[in-house]
file run.pdb (PDB, C-alpha atoms and all ligand atoms)
MODEL        1
ATOM      1  CA  MET A   1     104.725  22.771  83.635
ATOM      2  CA  ALA A   2     104.471  23.429  87.378
ATOM      3  CA  ILE A   3     104.317  27.094  88.361
ATOM      4  CA  ILE A   4     103.727  26.353  92.071
ATOM      5  CA  THR A   5     105.203  23.377  93.924
ATOM      6  CA  VAL A   6     104.365  22.751  97.574
ATOM      7  CA  ASP A   7     106.457  20.029  99.176
ATOM      8  CA  HIS A   8     105.680  18.692 102.650
ATOM      9  CA  LEU A   9     104.410  22.041 103.920
ATOM     10  CA  HIS A  10     104.008  22.105 107.702
ATOM     11  CA  LYS A  11     102.782  25.195 109.546
ATOM     12  CA  ALA A  12     102.118  25.548 113.253
ATOM     13  CA  TYR A  13     100.939  28.625 115.146
ATOM     14  CA  GLY A  14     102.548  27.994 118.534
ATOM     15  CA  ASP A  15     101.171  24.616 119.651
ATOM     16  CA  ARG A  16      98.409  24.664 117.073
ATOM     17  CA  VAL A  17      99.175  22.777 113.875
ATOM     18  CA  ALA A  18      97.257  24.381 110.988
ATOM     19  CA  VAL A  19      98.921  22.422 108.184
ATOM     20  CA  GLU A  20     100.364  19.015 108.995
ATOM     21  CA  ASP A  21     101.806  17.799 105.691
ATOM     22  CA  VAL A  22     100.676  19.233 102.370
ATOM     23  CA  SER A  23     102.227  18.594  98.946
ATOM     24  CA  PHE A  24     100.855  19.396  95.484
ATOM     25  CA  SER A  25     101.829  21.262  92.369
ATOM     26  CA  VAL A  26      99.898  23.670  90.165
ATOM     27  CA  ASP A  27     100.489  23.806  86.422
ATOM     28  CA  GLU A  28     100.827  27.058  84.557
ATOM     29  CA  GLY A  29      97.491  28.282  83.187
ATOM     30  CA  GLU A  30      95.225  26.020  85.192
ATOM     31  CA  ILE A  31      92.506  26.852  87.685
ATOM     32  CA  PHE A  32      93.486  24.834  90.720
ATOM     33  CA  GLY A  33      91.043  24.496  93.606
ATOM     34  CA  ILE A  34      91.804  23.958  97.281
ATOM     35  CA  VAL A  35      88.822  22.578  99.145
ATOM     36  CA  GLY A  36      88.210  21.326 102.646
ATOM     37  CA  ARG A  37      86.086  21.956 105.706
ATOM     38  CA  ASN A  38      86.558  25.006 107.942
ATOM     39  CA  GLY A  39      89.932  24.731 109.624
ATOM     40  CA  ALA A  40      91.346  22.212 107.116
ATOM     41  CA  GLY A  41      94.331  24.498 106.507
ATOM     42  CA  LYS A  42      93.374  26.027 103.146
ATOM     43  CA  THR A  43      93.991  29.683 103.967
ATOM     44  CA  THR A  44      97.239  28.932 105.787
ATOM     45  CA  THR A  45      98.450  26.976 102.741
ATOM     46  CA  VAL A  46      97.704  29.762 100.260
ATOM     47  CA  GLU A  47      99.091  32.427 102.603
ATOM     48  CA  CYS A  48     102.347  30.455 102.750
ATOM     49  CA  ILE A  49     102.352  30.219  98.929
ATOM     50  CA  ALA A  50     101.768  33.980  98.666
ATOM     51  CA  GLY A  51     104.678  34.632 101.031
ATOM     52  CA  LEU A  52     102.395  36.137 103.686
ATOM     53  CA  ARG A  53     103.307  33.430 106.200
ATOM     54  CA  THR A  54     106.509  31.501 106.755
ATOM     55  CA  PRO A  55     106.267  27.712 106.725
ATOM     56  CA  THR A  56     107.420  25.963 109.883
ATOM     57  CA  SER A  57     108.967  23.339 107.588
ATOM     58  CA  GLY A  58     108.694  22.110 104.031
ATOM     59  CA  THR A  59     109.378  24.006 100.833
ATOM     60  CA  ILE A  60     107.334  26.099  98.423
ATOM     61  CA  ARG A  61     108.570  26.999  94.950
ATOM     62  CA  VAL A  62     106.681  29.651  92.999
ATOM     63  CA  ASP A  63     107.888  30.378  89.485
ATOM     64  CA  ALA A  64     106.978  34.068  89.692
ATOM     65  CA  ASP A  65     108.066  37.203  91.524
ATOM     66  CA  LEU A  66     105.941  37.156  94.696
ATOM     67  CA  LYS A  67     105.647  40.939  94.922
ATOM     68  CA  GLU A  68     105.113  41.752  91.247
ATOM     69  CA  GLU A  69     103.554  38.664  89.690
ATOM     70  CA  VAL A  70     101.308  37.109  92.339
ATOM     71  CA  GLY A  71      97.951  38.783  93.029
ATOM     72  CA  VAL A  72      96.147  37.879  96.234
ATOM     73  CA  GLN A  73      92.489  38.293  97.117
ATOM     74  CA  LEU A  74      92.040  37.245 100.702
ATOM     75  CA  GLN A  75      88.821  36.882 102.674
ATOM     76  CA  ASP A  76      87.083  40.087 103.845
ATOM     77  CA  CYS A  77      88.052  42.938 101.556
ATOM     78  CA  SER A  78      87.422  46.259 103.279
ATOM     79  CA  LEU A  79      88.163  49.775 102.041
ATOM     80  CA  PRO A  80      87.229  53.274 103.218
ATOM     81  CA  ASP A  81      83.548  54.014 102.489
ATOM     82  CA  LYS A  82      84.215  57.059 100.337
ATOM     83  CA  ILE A  83      86.957  55.677  98.114
ATOM     84  CA  ARG A  84      85.766  55.296  94.512
ATOM     85  CA  VAL A  85      86.432  52.215  92.414
ATOM     86  CA  ARG A  86      88.789  54.148  90.112
ATOM     87  CA  GLU A  87      90.718  55.569  93.093
ATOM     88  CA  ALA A  88      91.074  52.171  94.769
ATOM     89  CA  LEU A  89      92.401  50.617  91.563
ATOM     90  CA  GLY A  90      94.765  53.574  91.011
ATOM     91  CA  LEU A  91      96.065  53.360  94.572
ATOM     92  CA  PHE A  92      96.755  49.626  94.353
ATOM     93  CA  ALA A  93      98.238  50.031  90.844
ATOM     94  CA  SER A  94     100.781  52.496  92.266
ATOM     95  CA  PHE A  95     102.340  49.621  94.248
ATOM     96  CA  TYR A  96     103.423  47.864  91.039
ATOM     97  CA  ALA A  97     106.164  48.578  88.530
ATOM     98  CA  ARG A  98     104.032  47.322  85.619
ATOM     99  CA  PRO A  99     100.366  47.555  86.579
ATOM    100  CA  ALA A 100      97.534  46.128  84.484
ATOM    101  CA  ASP A 101      95.550  48.264  82.072
ATOM    102  CA  LEU A 102      92.923  49.691  84.447
ATOM    103  CA  GLY A 103      90.446  50.336  81.614
ATOM    104  CA  ARG A 104      90.538  46.658  80.666
ATOM    105  CA  LEU A 105      90.130  45.637  84.338
ATOM    106  CA  LEU A 106      87.084  47.888  84.651
ATOM    107  CA  ASP A 107      85.621  46.392  81.458
ATOM    108  CA  GLU A 108      86.294  42.841  82.642
ATOM    109  CA  THR A 109      84.785  43.380  86.060
ATOM    110  CA  GLY A 110      81.904  45.560  84.838
ATOM    111  CA  LEU A 111      82.395  47.984  87.736
ATOM    112  CA  ASP A 112      81.353  51.641  87.693
ATOM    113  CA  PRO A 113      84.632  53.556  88.186
ATOM    114  CA  ASP A 114      82.850  56.423  89.966
ATOM    115  CA  ALA A 115      80.983  54.272  92.511
ATOM    116  CA  PRO A 116      82.087  54.779  96.123
ATOM    117  CA  PHE A 117      82.967  51.599  98.045
ATOM    118  CA  ALA A 118      80.047  52.089 100.474
ATOM    119  CA  LYS A 119      77.532  51.932  97.584
ATOM    120  CA  LEU A 120      78.804  48.634  96.149
ATOM    121  CA  SER A 121      76.703  45.473  96.545
ATOM    122  CA  GLY A 122      78.271  42.286  97.926
ATOM    123  CA  GLY A 123      78.880  40.993  94.399
ATOM    124  CA  GLN A 124      80.407  44.281  93.254
ATOM    125  CA  ARG A 125      82.702  44.367  96.306
ATOM    126  CA  GLN A 126      83.797  40.858  95.488
ATOM    127  CA  ARG A 127      84.510  41.858  91.881
ATOM    128  CA  LEU A 128      86.462  44.879  93.133
ATOM    129  CA  SER A 129      88.540  42.667  95.413
ATOM    130  CA  ILE A 130      89.278  40.416  92.421
ATOM    131  CA  ALA A 131      90.184  43.479  90.346
ATOM    132  CA  LEU A 132      92.554  44.595  93.130
ATOM    133  CA  ALA A 133      94.174  41.142  93.081
ATOM    134  CA  LEU A 134      94.682  41.545  89.317
ATOM    135  CA  VAL A 135      95.859  45.138  89.339
ATOM    136  CA  GLY A 136      99.531  44.151  89.158
ATOM    137  CA  ASP A 137      98.818  42.071  86.006
ATOM    138  CA  PRO A 138      99.890  38.900  87.851
ATOM    139  CA  LYS A 139     100.950  35.530  86.424
ATOM    140  CA  ILE A 140      99.207  33.892  89.391
ATOM    141  CA  ALA A 141      95.981  34.990  91.095
ATOM    142  CA  ILE A 142      95.203  33.565  94.537
ATOM    143  CA  LEU A 143      91.517  33.916  95.369
ATOM    144  CA  ASP A 144      90.216  32.908  98.810
ATOM    145  CA  GLU A 145      86.499  32.221  99.254
ATOM    146  CA  LEU A 146      85.616  34.156  96.194
ATOM    147  CA  THR A 147      81.858  33.737  96.223
ATOM    148  CA  THR A 148      80.998  33.138  99.880
ATOM    149  CA  GLY A 149      77.917  35.172 100.746
ATOM    150  CA  LEU A 150      76.991  35.983  97.150
ATOM    151  CA  ASP A 151      73.578  35.288  95.669
ATOM    152  CA  PRO A 152      73.441  32.768  92.790
ATOM    153  CA  ARG A 153      73.450  35.448  90.079
ATOM    154  CA  ALA A 154      76.420  37.332  91.538
ATOM    155  CA  ARG A 155      78.198  33.997  91.971
ATOM    156  CA  ARG A 156      77.698  33.124  88.285
ATOM    157  CA  GLU A 157      78.950  36.552  87.211
ATOM    158  CA  THR A 158      82.045  36.047  89.339
ATOM    159  CA  TRP A 159      82.631  32.624  87.774
ATOM    160  CA  ASP A 160      82.407  34.190  84.292
ATOM    161  CA  LEU A 161      85.001  36.737  85.371
ATOM    162  CA  ILE A 162      87.385  34.014  86.580
ATOM    163  CA  GLU A 163      87.027  32.209  83.257
ATOM    164  CA  ARG A 164      87.919  35.409  81.398
ATOM    165  CA  ILE A 165      90.997  35.808  83.616
ATOM    166  CA  ARG A 166      92.098  32.268  82.884
ATOM    167  CA  ALA A 167      91.557  32.802  79.162
ATOM    168  CA  ARG A 168      94.287  35.453  79.399
ATOM    169  CA  GLY A 169      96.708  32.787  80.678
ATOM    170  CA  VAL A 170      96.623  33.690  84.389
ATOM    171  CA  THR A 171      97.079  30.709  86.698
ATOM    172  CA  VAL A 172      94.319  30.763  89.317
ATOM    173  CA  LEU A 173      94.571  29.212  92.779
ATOM    174  CA  LEU A 174      91.095  29.142  94.230
ATOM    175  CA  VAL A 175      90.136  28.359  97.830
ATOM    176  CA  THR A 176      86.493  27.410  98.080
ATOM    177  CA  HIS A 177      83.832  25.570 100.050
ATOM    178  CA  PHE A 178      81.472  25.215  97.131
ATOM    179  CA  MET A 179      81.598  22.079  95.082
ATOM    180  CA  ALA A 180      79.486  23.669  92.338
ATOM    181  CA  GLU A 181      82.236  26.259  91.979
ATOM    182  CA  VAL A 182      84.854  23.521  91.724
ATOM    183  CA  GLU A 183      82.856  21.630  89.083
ATOM    184  CA  ARG A 184      82.301  24.778  87.065
ATOM    185  CA  LEU A 185      85.807  26.265  87.255
ATOM    186  CA  CYS A 186      88.573  23.961  88.415
ATOM    187  CA  ASP A 187      90.811  21.838  86.208
ATOM    188  CA  ARG A 188      92.148  20.075  89.285
ATOM    189  CA  VAL A 189      91.587  20.274  92.993
ATOM    190  CA  ALA A 190      93.429  19.415  96.212
ATOM    191  CA  LEU A 191      91.138  18.137  98.943
ATOM    192  CA  LEU A 192      92.586  19.057 102.346
ATOM    193  CA  HIS A 193      91.438  17.444 105.542
ATOM    194  CA  ALA A 194      92.845  18.223 108.994
ATOM    195  CA  GLY A 195      96.000  19.740 107.540
ATOM    196  CA  ARG A 196      96.718  16.920 105.097
ATOM    197  CA  VAL A 197      95.995  16.241 101.440
ATOM    198  CA  ARG A 198      93.315  13.594 101.000
ATOM    199  CA  ALA A 199      93.411  13.680  97.194
ATOM    200  CA  VAL A 200      94.560  15.759  94.230
ATOM    201  CA  ASP A 201      92.569  15.137  91.081
ATOM    202  CA  THR A 202      90.217  16.548  88.486
ATOM    203  CA  PRO A 203      86.655  17.038  89.771
ATOM    204  CA  ALA A 204      85.544  13.988  87.757
ATOM    205  CA  GLY A 205      88.575  12.056  89.060
ATOM    206  CA  LEU A 206      87.625  12.855  92.661
ATOM    207  CA  ILE A 207      84.133  11.503  92.067
ATOM    208  CA  ALA A 208      85.568   8.348  90.487
ATOM    209  CA  ARG A 209      88.167   8.011  93.264
ATOM    210  CA  ALA A 210      85.445   8.113  95.913
ATOM    211  CA  GLY A 211      84.037   5.003  94.277
ATOM    212  CA  LEU A 212      80.477   6.274  94.329
ATOM    213  CA  GLY A 213      78.580   4.725  91.506
ATOM    214  CA  GLN A 214      75.287   6.489  91.901
ATOM    215  CA  ARG A 215      72.842   7.828  94.393
ATOM    216  CA  LEU A 216      69.194   7.343  95.129
ATOM    217  CA  VAL A 217      66.994  10.067  96.521
ATOM    218  CA  PHE A 218      63.516   9.365  97.878
ATOM    219  CA  ARG A 219      61.065  10.276 100.632
ATOM    220  CA  THR A 220      60.012   7.969 103.428
ATOM    221  CA  SER A 221      58.876   8.139 107.013
ATOM    222  CA  GLU A 222      60.178   4.597 107.684
ATOM    223  CA  PRO A 223      63.378   3.933 109.704
ATOM    224  CA  ILE A 224      66.423   3.911 107.401
ATOM    225  CA  ASP A 225      69.097   2.477 109.695
ATOM    226  CA  GLY A 226      68.934  -0.957 108.041
ATOM    227  CA  LEU A 227      70.117   0.518 104.732
ATOM    228  CA  ARG A 228      73.611   1.186 106.037
ATOM    229  CA  ASP A 229      74.344  -2.560 106.377
ATOM    230  CA  LEU A 230      73.746  -3.259 102.702
ATOM    231  CA  PRO A 231      77.004  -4.066 100.871
ATOM    232  CA  GLU A 232      75.945  -1.882  97.918
ATOM    233  CA  VAL A 233      75.546   1.207 100.160
ATOM    234  CA  THR A 234      78.365   3.693 100.873
ATOM    235  CA  SER A 235      76.478   6.387 102.759
ATOM    236  CA  VAL A 236      72.984   7.279 103.913
ATOM    237  CA  THR A 237      71.986  10.838 104.800
ATOM    238  CA  SER A 238      68.608  12.379 105.474
ATOM    239  CA  ALA A 239      67.118  15.859 105.622
ATOM    240  CA  GLY A 240      63.564  15.840 106.937
ATOM    241  CA  ASP A 241      61.915  12.880 105.237
ATOM    242  CA  GLU A 242      64.174  13.053 102.175
ATOM    243  CA  VAL A 243      66.794  10.319 102.161
ATOM    244  CA  THR A 244      69.924  10.158  99.989
ATOM    245  CA  VAL A 245      71.670   6.825  99.568
ATOM    246  CA  THR A 246      74.975   6.551  97.697
ATOM    247  CA  GLY A 247      76.525   3.322  96.576
ATOM    248  CA  ALA A 248      77.421   1.026  93.735
ATOM    249  CA  GLY A 249      76.089  -2.099  92.049
ATOM    250  CA  ASP A 250      72.353  -2.536  91.762
ATOM    251  CA  LEU A 251      71.593   0.062  94.405
ATOM    252  CA  PRO A 252      67.857   0.518  93.699
ATOM    253  CA  ALA A 253      67.175  -3.220  93.980
ATOM    254  CA  ALA A 254      69.225  -3.492  97.179
ATOM    255  CA  VAL A 255      67.426  -0.569  98.832
ATOM    256  CA  LEU A 256      64.030  -1.952  97.825
ATOM    257  CA  THR A 257      64.799  -5.232  99.631
ATOM    258  CA  ARG A 258      64.827  -3.231 102.899
ATOM    259  CA  LEU A 259      62.258  -0.580 102.063
ATOM    260  CA  PRO A 260      59.276  -1.789 100.023
ATOM    261  CA  ALA A 261      58.325   0.502  97.137
ATOM    262  CA  SER A 262      54.940   1.101  98.771
ATOM    263  CA  ARG A 263      56.660   2.906 101.695
ATOM    264  CA  ILE A 264      58.720   5.349  99.657
ATOM    265  CA  SER A 265      57.852   8.098  97.208
ATOM    266  CA  GLY A 266      59.557  10.317  94.642
ATOM    267  CA  LEU A 267      62.371   7.841  93.976
ATOM    268  CA  ARG A 268      65.016   9.168  91.599
ATOM    269  CA  VAL A 269      68.483   7.950  90.623
ATOM    270  CA  GLU A 270      71.271  10.541  90.229
ATOM    271  CA  ARG A 271      74.936  10.300  89.402
ATOM    272  CA  ALA A 272      77.208  10.937  92.388
ATOM    273  CA  SER A 273      78.157  14.595  92.808
ATOM    274  CA  LEU A 274      81.322  16.222  94.042
ATOM    275  CA  ASP A 275      79.530  16.876  97.354
ATOM    276  CA  ASP A 276      79.062  13.112  97.695
ATOM    277  CA  ALA A 277      82.721  12.510  96.851
ATOM    278  CA  PHE A 278      83.791  15.071  99.465
ATOM    279  CA  LEU A 279      81.622  13.316 102.041
ATOM    280  CA  ALA A 280      83.026   9.908 101.132
ATOM    281  CA  LEU A 281      86.656  11.112 101.139
ATOM    282  CA  THR A 282      86.530  13.128 104.382
ATOM    283  CA  GLY A 283      83.600  11.618 106.265
ATOM    284  CA  GLN A 284      81.947  15.061 106.375
ATOM    285  CA  PRO A 285      79.916  17.211 103.991
ATOM    286  CA  PRO A 286      81.817  20.166 102.452
ATOM    287  CA  ALA A 287      79.875  22.948 104.162
ATOM    288  CA  GLU A 288      76.473  24.287 104.833
ATOM    289  CA  ARG A 289      74.734  25.068 101.568
ATOM    290  CA  PRO A 290      75.360  28.624 100.358
TER     291      PRO A 290
HETATM  292  N1  LIG B   1      96.949  33.067 113.198
HETATM  293  C1  LIG B   1      96.546  31.926 113.732
HETATM  294  N2  LIG B   1      96.860  31.593 115.008
HETATM  295  C2  LIG B   1      96.477  30.424 115.551
HETATM  296  N3  LIG B   1      95.758  29.482 114.905
HETATM  297  C3  LIG B   1      95.410  29.748 113.635
HETATM  298  C4  LIG B   1      95.774  30.977 112.982
HETATM  299  N4  LIG B   1      95.287  30.941 111.720
HETATM  300  C5  LIG B   1      94.645  29.766 111.582
HETATM  301  N5  LIG B   1      94.724  29.052 112.744
HETATM  302  C6  LIG B   1      94.167  27.709 112.971
HETATM  303  O1  LIG B   1      94.739  26.839 112.013
HETATM  304  C7  LIG B   1      93.770  25.927 111.505
HETATM  305  C8  LIG B   1      93.679  26.056 110.005
HETATM  306  O2  LIG B   1      93.172  27.354 109.691
HETATM  307  P1  LIG B   1      92.971  27.871 108.205
HETATM  308  O3  LIG B   1      92.407  29.246 108.308
HETATM  309  O4  LIG B   1      94.221  27.682 107.443
HETATM  310  O5  LIG B   1      91.881  26.842 107.683
HETATM  311  P2  LIG B   1      90.856  26.986 106.487
HETATM  312  O6  LIG B   1      90.766  25.635 105.891
HETATM  313  O7  LIG B   1      91.249  28.099 105.587
HETATM  314  O8  LIG B   1      89.519  27.351 107.229
HETATM  315  P3  LIG B   1      88.291  28.294 106.757
HETATM  316  O9  LIG B   1      87.581  27.514 105.716
HETATM  317  O10 LIG B   1      87.502  28.431 108.014
HETATM  318  O11 LIG B   1      88.866  29.591 106.271
HETATM  319  C9  LIG B   1      92.476  26.245 112.229
HETATM  320  O12 LIG B   1      92.354  25.347 113.296
HETATM  321  C10 LIG B   1      92.675  27.653 112.712
HETATM  322  O13 LIG B   1      91.949  27.880 113.904
ENDMDL
END

call {"tool": "encode", "arguments": {"input": "run.pdb", "output": "structure tokens"}}
result
Amino acid sequence: MAIITVDHLHKAYGDRVAVEDVSFSVDEGEIFGIVGRNGAGKTTTVECIAGLRTPTSGTIRVDADLKEEVGVQLQDCSLPDKIRVREALGLFASFYARPADLGRLLDETGLDPDAPFAKLSGGQRQRLSIALALVGDPKIAILDELTTGLDPRARRETWDLIERIRARGVTVLLVTHFMAEVERLCDRVALLHAGRVRAVDTPAGLIARAGLGQRLVFRTSEPIDGLRDLPEVTSVTSAGDEVTVTGAGDLPAAVLTRLPASRISGLRVERASLDDAFLALTGQPPAERP
């Protein structure tokens, strides 16, 4: 059952259109991702859902009390240096009629209640900002760029935390640039591009929808322009001398007609990833690698 329904959302800041036309719905209990390049309109969309911005037109229905039952973690959490984790949680809890059990939140996030904000690592700050979003025991948690800037270990710990939150029945709306995060966490995802929805699907559905059968990765110092004309090829990208070719059909045989095996090395065949699907659906890669 839908807990959030966004219908033809349009939001302009003066002359600048941030969201052109966005519609999707989020089912109760799912982790729903919103992905797109910088400036695609992701933050504006979730801020409208959270009631922090007013749509220029279109409608948003949220089956929850916005003040009491929707927790929001926006980009860039900052608190006074000296405030301790326990104090920050207590302060935010005082805004709610029925706050969450702070002991359970501390257990879930693994934070030291006596640590001052200034002493927290990037990952701990991120976990605190998630805890603050959950302090009102919300039905819906909106998390914006949850793991940007975290190292791989801190990112994995944050993903585990989100899975524990979902296991409690919280619906999670997650804005992210990272396709690995989407594959790991999201049941479904809306791909935004230039203020519009390109696709709403499961991660596997997005890959299938992009029509990318497989990809070849190899090294060569030969020119690769001729590969793009092959009917089997969807995209060709290179980084240094490593070339990635996506496509369908008998891709290896087609590529080898243009590039003899003697001129390439390290050839491997991989299934298409969500990064590839993003590239195929928007014409651009999702973001710089974390
Ligand atoms: N308060 C504002 N005033 C004017 N323009 C804005 C404002 N907020 C966002 N924009 C513009 O609206 C567009 C969409 O911004 P938004 O922050 O929603 O995108 P985003 O997909 O979340 O990007 P990012 O990944 O960089 O956070 C951008 O072109 C941005 O510059």

call {"tool": "atom_distance", "arguments": {"input": "run.pdb", "atom1": "atom CA of A:Val135", "atom2": "atom CA of A:Asp114"}}
result
17.2 Å

call {"tool": "atom_distance", "arguments": {"input": "run.pdb", "atom1": "atom CA of A:Asp21", "atom2": "atom CA of A:Glu69"}}
result
26.4 Å

call {"tool": "closest_atom_pairs", "arguments": {"input": "run.pdb", "of": "chain A", "to": "ligand LIG 1 (chain B)", "cutoff": "12 Å", "atoms": "all atoms listed in the file", "output": "CSV"}}
result
residue,atom,partner,partner_atom,distance
A:His10,CA,B:LIG1,O1,11.3
A:Lys11,CA,B:LIG1,O1,8.6
A:Ala12,CA,B:LIG1,O1,7.6
A:Tyr13,CA,B:LIG1,C2,4.8
A:Gly14,CA,B:LIG1,C2,7.2
A:Asp15,CA,B:LIG1,C2,8.5
A:Arg16,CA,B:LIG1,N3,5.9
A:Val17,CA,B:LIG1,O1,6.3
A:Ala18,CA,B:LIG1,O1,3.7
A:Val19,CA,B:LIG1,C8,6.6
A:Glu20,CA,B:LIG1,C8,9.8
A:Val22,CA,B:LIG1,O4,11.8
A:Ile34,CA,B:LIG1,O6,8.8
A:Val35,CA,B:LIG1,O6,7.7
A:Gly36,CA,B:LIG1,O6,6.0
A:Arg37,CA,B:LIG1,O9,5.8
A:Asn38,CA,B:LIG1,O9,3.5
A:Gly39,CA,B:LIG1,O5,3.5
A:Ala40,CA,B:LIG1,O6,3.7
A:Gly41,CA,B:LIG1,O4,3.3
A:Lys42,CA,B:LIG1,O6,3.8
A:Thr43,CA,B:LIG1,O7,3.6
A:Thr44,CA,B:LIG1,O4,3.7
A:Thr45,CA,B:LIG1,O4,6.4
A:Val46,CA,B:LIG1,O4,8.2
A:Glu47,CA,B:LIG1,O4,8.3
A:Cys48,CA,B:LIG1,O4,9.8
A:Leu52,CA,B:LIG1,N1,11.4
A:Arg53,CA,B:LIG1,N1,9.5
A:Thr54,CA,B:LIG1,N1,11.6
A:Leu74,CA,B:LIG1,O11,10.0
A:Gln75,CA,B:LIG1,O11,8.1
A:Asp76,CA,B:LIG1,O11,10.9
A:Leu143,CA,B:LIG1,O7,11.8
A:Asp144,CA,B:LIG1,O11,8.3
A:Glu145,CA,B:LIG1,O11,7.9
A:Leu146,CA,B:LIG1,O11,11.5
A:Thr148,CA,B:LIG1,O9,10.4
A:Leu174,CA,B:LIG1,O7,11.4
A:Val175,CA,B:LIG1,O7,7.8
A:Thr176,CA,B:LIG1,O9,7.7
A:His177,CA,B:LIG1,O9,7.1
A:Phe178,CA,B:LIG1,O9,10.8
A:Ala190,CA,B:LIG1,O6,11.8
A:Leu191,CA,B:LIG1,O6,10.2
A:Leu192,CA,B:LIG1,O6,7.7
A:His193,CA,B:LIG1,O6,8.2
A:Ala194,CA,B:LIG1,C8,7.9
A:Gly195,CA,B:LIG1,C8,7.2
A:Arg196,CA,B:LIG1,O6,10.6
A:Val197,CA,B:LIG1,O6,11.6
A:Pro286,CA,B:LIG1,O9,9.9
A:Ala287,CA,B:LIG1,O9,9.1
A:Glu288,CA,B:LIG1,O9,11.6

call {"tool": "closest_residue", "arguments": {"input": "run.pdb", "among": "A:Arg61, A:Leu279, A:Trp159, A:Leu66", "to": "A:Arg198", "atoms": "only C-alpha atoms"}}
result
A:Leu279

call {"tool": "residues_around", "arguments": {"input": "run.pdb", "residues": "A:Ala131", "least_positions_apart": "4", "cutoff": "7 Å", "atoms": "all atoms listed in the file", "output": "PyMOL selection string"}}
result
chain A and resi 105+109+127+135

call {"tool": "resolve_selection", "arguments": {"input": "run.pdb", "expression": "the PyMOL selection byres (((chain A and resi 30) around 9) and not hetatm)", "output": "list of chain:residue names"}}
result
A:Val26, A:Asp27, A:Glu28, A:Gly29, A:Ile31, A:Phe32, A:Arg166, A:Gly169, A:Val170, A:Thr171, A:Val172, A:Leu173, A:Cys186, A:Asp187, A:Arg188

call {"tool": "resolve_selection", "arguments": {"input": "run.pdb", "expression": "the PyMOL selection byres (((chain A and resi 217) around 9) and not hetatm)", "output": "list of chain:residue names"}}
result
A:Arg215, A:Leu216, A:Phe218, A:Arg219, A:Glu242, A:Val243, A:Thr244, A:Val245, A:Thr246, A:Gly266, A:Leu267, A:Arg268, A:Val269, A:Glu270

call {"tool": "residues_around", "arguments": {"input": "run.pdb", "residues": "A:Gly103", "least_positions_apart": "6", "cutoff": "12 Å", "atoms": "all atoms listed in the file", "output": "count of residues only"}}
result
11

call {"tool": "resolve_selection", "arguments": {"input": "run.pdb", "expression": "the PyMOL selection byres (((chain A and resi 250-262) around 9) and not hetatm)", "output": "list in words"}}
result
Gly213, Gln214, Arg215, Leu216, Thr220, Glu222, Pro223, Ile224, Gly226, Leu227, Leu230, Pro231, Glu232, Val233, Val245, Thr246, Gly247, Ala248, Gly249, Arg263, Ile264, Ser265, Leu267 and Val269 of chain A

call {"tool": "closest_residue", "arguments": {"input": "run.pdb", "among": "A:Ala272, A:Ile4, A:Ile207, A:Leu102", "to": "A:Ile140", "atoms": "only C-alpha atoms"}}
result
A:Ile4

call {"tool": "closest_residue", "arguments": {"input": "run.pdb", "among": "A:Gly240, A:Pro55, A:Pro203, A:Gly149", "to": "A:Gly33", "atoms": "only C-alpha atoms"}}
result
A:Pro203

call {"tool": "closest_residue", "arguments": {"input": "run.pdb", "among": "A:Asp151, A:Asp65, A:Glu108, A:Asp276", "to": "A:Glu163", "atoms": "all atoms listed in the file"}}
result
A:Glu108

call {"tool": "closest_residue", "arguments": {"input": "run.pdb", "among": "A:Asp160, A:Ala167, A:Val200, A:Gly58", "to": "A:Ser25", "atoms": "all atoms listed in the file"}}
result
A:Val200
